[in-house]
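Structure first, commentary second.
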Amino acid sequence: MNILSIAFKDLLIFFKDRGSALQLFVLPLVFIFVFSGLGNVGASETAVTPLPAVNLDEGDTAVTLLQKIDAAGGVKTELMAQPDAQAQLEAGQIDWLLTIPVGFSDDVAANRPTTLRLTSHPDADDAAREAVQLVIDGAAQELTLQTQILASLQMMAEMQAAAAPEQQVFTTEAIQAQAKSQFESSAERPLITINQTRPGQTGEPAAPAPFSGPNVTVPGFTVLFVFLAAGATALSIYNEKKIGSFRRLMAAPISKAELLLGKMLPTFFIALIQVGVIFLVGVLLMPLLGLEGLTLGEDPLAVLLIVVIMALCAAGLGVLIAAFARTEGQIGGGSAVLLWLMGALGGAFFPTFLLEGFLGQAGKAVPHYWAGKALYGVLARGQRLPDITTELAILLGFTLLFWLVGVWRFDFD
């Protein structure tokens, strides 16, 4: 009997156990559907803040202001008639109302002070109102700056009007047209941009993947349920010892290390199938159900390496549990509690970047943290293989540690 024969036999036994298959294949999909669905609902409700607006001026400058507010992002203006808007504001049907006064365009063109009015309902959220006001302030300041620049150019042109015609190289209209062209160009191609990098990151900055519900929830729950498969390895070994078939395996012409490797392989293959099913459902099925689909990042090789190393680590953890557990209760109930606790500590229920203080440091002591960090980085942050080498190296270290300690402490009798 060789290693593959042992692994194949254990796989057949596992898939006959409907309870284990349900836990490792159906339960993770339920978690992902529920949490991704909740995330999509929250995102759809908060993506854009409506800004009811009354435009009493209707001049070109007022229209430009509204366009700048919309272009700023996060806020979408909605034009309303003044009586209807005021009635809805008083009734609490809208939270705030922007009013552009009569003569706004003329006042701005003449460089005269003018006032926009943002009226809020008493029950409106203060933080949201301040965010809306910041967008309006930014758009108004940009419009004011452009108007003042054009007015300054106009004054300079008037000052040199008395000069000889041959010294007047550019007309006022040509100068202002050039300035307006520069304003439009700067909006499309900013002079200054921000390029964010992380210390220790190699190569070109990675383009972030779509920040969707599945890209945030799938990494954590995938890691959680892959490592839960470690309990299947430990339970398989215990059952073999309980019925006496483990002694017959010991009599086969294979070494002890090869025997344990044969018991590890089923967990490894089950983990690969698990991840394959989760990714397949996330990419193909979730969009058909009206949910955001899972994206697999920009580096398929990085995803593959994470999955393979994580599956090996889970299999090694199964051997370690079997080496220390002595009863069926310790393997079934005790290991399940331990694995769920490790998953929670390692960030399975929320992205690892939200871990702070003691929890953040404690999470680094479990392989779940490093597997989740690597998978989250590739799926949700657009990282590539060079960006996650540290996480993969630490995950390999855990795998080697689990294997060596498991073989060392394993009771073959």
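Naming works like this for the structure tokens: A, B, ... for the chains as they're shown, residue 1 at the start of each chain, ligands 1 onward in shown order.
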
### Query
segment 273-286 of chain A: which residues within 10 Å, counting only C-alpha atoms, same-chain residues fewer than 2 positions away excluded, as JSON, numbers by chain?
{"A": [21, 24, 25, 26, 28, 29, 32, 33, 36, 37, 214, 215, 218, 219, 221, 222, 223, 225, 226, 229, 267, 268, 269, 270, 271, 288, 289, 290, 291, 292, 293, 294, 295, 296, 307, 308, 311]}

### Task
Would you kindly return, as a count of residues only, each protein, DNA or RNA residue with an atom no farther than 10 Å from any atom of Ala344 of chain A, considering only C-alpha atoms and excluding same-chain residues fewer than 2 positions away?
17

### Message
Using only C-alpha atoms for the distances, tell me which of A:Cys313, A:Leu304, A:Ala322, A:Leu134 is nearest to Leu265 of chain A.
### Response
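Closest candidate: A:Cys313.
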
With only C-alpha atoms counted and 10 Å as the cut-off, give the residues of segment 290-363 of chain A in contact with segment 380-391 of chain A, each with its shortest interatomic distance in Å and the pair that gives it, as JSON lines.
```
{"residue": "A:Leu294", "atom": "CA", "partner": "A:Ala380", "partner_atom": "CA", "distance": 9.5}
{"residue": "A:Thr295", "atom": "CA", "partner": "A:Ala380", "partner_atom": "CA", "distance": 8.2}
{"residue": "A:Leu296", "atom": "CA", "partner": "A:Ala380", "partner_atom": "CA", "distance": 8.5}
{"residue": "A:Gly297", "atom": "CA", "partner": "A:Gly382", "partner_atom": "CA", "distance": 5.4}
{"residue": "A:Glu298", "atom": "CA", "partner": "A:Gly382", "partner_atom": "CA", "distance": 6.1}
{"residue": "A:Asp299", "atom": "CA", "partner": "A:Arg384", "partner_atom": "CA", "distance": 5.5}
{"residue": "A:Pro300", "atom": "CA", "partner": "A:Arg384", "partner_atom": "CA", "distance": 8.8}
{"residue": "A:Leu301", "atom": "CA", "partner": "A:Leu385", "partner_atom": "CA", "distance": 7.4}
{"residue": "A:Ala302", "atom": "CA", "partner": "A:Leu385", "partner_atom": "CA", "distance": 4.9}
{"residue": "A:Val303", "atom": "CA", "partner": "A:Leu385", "partner_atom": "CA", "distance": 8.4}
{"residue": "A:Leu305", "atom": "CA", "partner": "A:Leu385", "partner_atom": "CA", "distance": 8.8}
{"residue": "A:Ile306", "atom": "CA", "partner": "A:Glu391", "partner_atom": "CA", "distance": 9.1}
{"residue": "A:Pro351", "atom": "CA", "partner": "A:Ala380", "partner_atom": "CA", "distance": 10.0}
```

Go ahead and write the residues just picked, C-alpha atoms, as a PDB file, in the first residue's frame.
```pdb
ATOM      1  CA  LEU A 294     -15.611  37.892  -6.997  1.00  0.00           C
ATOM      2  CA  THR A 295     -12.521  39.058  -8.877  1.00  0.00           C
ATOM      3  CA  LEU A 296      -9.326  37.010  -8.645  1.00  0.00           C
ATOM      4  CA  GLY A 297      -6.847  39.870  -8.790  1.00  0.00           C
ATOM      5  CA  GLU A 298      -4.095  40.560 -11.282  1.00  0.00           C
ATOM      6  CA  ASP A 299      -1.747  37.660 -10.497  1.00  0.00           C
ATOM      7  CA  PRO A 300      -3.200  34.126 -10.903  1.00  0.00           C
ATOM      8  CA  LEU A 301       0.125  32.561  -9.888  1.00  0.00           C
ATOM      9  CA  ALA A 302       0.021  34.380  -6.552  1.00  0.00           C
ATOM     10  CA  VAL A 303      -3.519  33.097  -5.911  1.00  0.00           C
ATOM     11  CA  LEU A 305       0.581  29.610  -4.501  1.00  0.00           C
ATOM     12  CA  ILE A 306      -1.449  30.987  -1.601  1.00  0.00           C
ATOM     13  CA  PRO A 351     -10.089  42.149   7.140  1.00  0.00           C
TER      14      PRO A 351
END
```

### Query
Suppose you want the space between atom CA of Glu240 of chain A and atom CA of Leu400 of chain A; what is it in Å?
24.3 Å

### Query
Leu51 of chain A: which residues within 8 Å, counting only C-alpha atoms, same-chain residues fewer than 6 positions away excluded, as a PyMOL selection string?
chain A and resi 75-78+96-98+132

### Task
Find the residues near segment 62-68 of chain A: any atom within 6 Å, counting only C-alpha atoms, skip ones fewer than 3 places away on the same chain, and give them as an NGL selection string.
:A and (58-59 or 71 or 105 or 139)

Export, as a CSV table (one decimal), in the first residue's frame, the selected residues with N, CA and C atoms.
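Once everything was written out, this is selection_39.csv:
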```
chain,number,residue,atom,x,y,z
A,58,GLU,N,-29.9,80.1,-12.5
A,58,GLU,CA,-29.9,79.4,-13.8
A,58,GLU,C,-28.9,80.0,-14.8
A,59,GLY,N,-28.0,80.8,-14.4
A,59,GLY,CA,-26.9,81.3,-15.3
A,59,GLY,C,-25.9,80.3,-15.5
A,71,ALA,N,-18.9,66.4,-10.1
A,71,ALA,CA,-17.6,65.9,-10.5
A,71,ALA,C,-16.7,65.5,-9.4
A,105,SER,N,-24.6,84.2,-10.9
A,105,SER,CA,-23.6,84.3,-12.0
A,105,SER,C,-23.1,85.7,-12.3
A,139,ALA,N,-15.9,72.9,-4.5
A,139,ALA,CA,-16.3,73.3,-5.8
A,139,ALA,C,-16.4,74.8,-5.9
```

### Distance query segment 108-125 of chain A at most 9 Å, only C-alpha atoms, self and fewer than 5 positions along chain excluded, as a list in words
Thr61, Leu89, Glu90, Ala91, Gly92, Ile94, Asp95, Trp96, Leu97, Leu98, Thr99, Ile100, Pro101, Gly103, Glu130, Gln133, Leu143, Thr144, Thr147, Gln148 and Ala151 of chain A

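Residues in contact with Gly333 of chain A at 12 Å, where only C-alpha atoms are counted and same-chain residues fewer than 4 positions away are skipped, are listed as A:Leu228, A:Gly231, A:Ala232, A:Ala234, A:Leu235, A:Ile321, A:Ala325, A:Thr327, A:Glu328, A:Gly329, A:Val337, A:Leu338, A:Leu339, A:Trp340.
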
Saved selection, atoms kept: N, CA and C atoms, as a short mmCIF file (atom, residue, chain, number, x, y, z; two decimals), in the first residue's frame:
```cif
data_model
loop_
_atom_site.label_atom_id
_atom_site.label_comp_id
_atom_site.auth_asym_id
_atom_site.auth_seq_id
_atom_site.Cartn_x
_atom_site.Cartn_y
_atom_site.Cartn_z
N LEU A 228 -10.40 24.52 8.87
CA LEU A 228 -11.31 23.61 9.58
C LEU A 228 -11.19 22.18 9.06
N GLY A 231 -9.33 19.32 11.05
CA GLY A 231 -10.00 18.40 11.97
C GLY A 231 -10.32 17.07 11.32
N ALA A 232 -10.56 17.08 10.00
CA ALA A 232 -10.85 15.83 9.30
C ALA A 232 -9.64 14.91 9.29
N ALA A 234 -7.20 14.81 11.60
CA ALA A 234 -7.04 14.26 12.95
C ALA A 234 -8.07 13.19 13.25
N LEU A 235 -9.32 13.43 12.84
CA LEU A 235 -10.39 12.46 13.11
C LEU A 235 -10.18 11.17 12.33
N ILE A 321 -2.69 18.16 15.40
CA ILE A 321 -3.82 17.93 16.30
C ILE A 321 -3.91 16.45 16.65
N ALA A 325 -3.99 15.16 20.52
CA ALA A 325 -5.31 14.76 21.01
C ALA A 325 -5.30 13.28 21.38
N THR A 327 -8.48 11.80 22.82
CA THR A 327 -9.84 11.28 22.81
C THR A 327 -10.61 11.85 21.62
N GLU A 328 -11.74 11.20 21.34
CA GLU A 328 -12.57 11.68 20.23
C GLU A 328 -13.16 13.05 20.53
N GLY A 329 -13.45 13.31 21.81
CA GLY A 329 -13.98 14.61 22.19
C GLY A 329 -12.96 15.72 21.97
N VAL A 337 -13.35 24.00 18.35
CA VAL A 337 -13.31 25.27 19.08
C VAL A 337 -11.99 25.98 18.84
N LEU A 338 -10.90 25.23 18.88
CA LEU A 338 -9.57 25.82 18.66
C LEU A 338 -9.46 26.43 17.27
N LEU A 339 -9.94 25.71 16.26
CA LEU A 339 -9.81 26.19 14.89
C LEU A 339 -10.70 27.41 14.64
N TRP A 340 -11.89 27.44 15.21
CA TRP A 340 -12.74 28.62 15.07
C TRP A 340 -12.13 29.82 15.79
#
```

### Message
One number please: atom CA of Phe402 of chain A to atom CA of Ile331 of chain A, in Å, one decimal.
### Response
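If I compute the distance from atom CA of Phe402 of chain A to atom CA of Ile331 of chain A, I get 16.1 Å.
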
### Task
Going by DSSP on the backbone, which bits of segment 341-405 of chain A are alpha helix (DSSP H)? Write them as a PyMOL selection string, please.
chain A and resi 341-345+357-363+367-381+389-405

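Rounded to one decimal, atom CA of Ser236 of chain A and atom CA of Leu12 of chain A lie 11.6 Å from each other.
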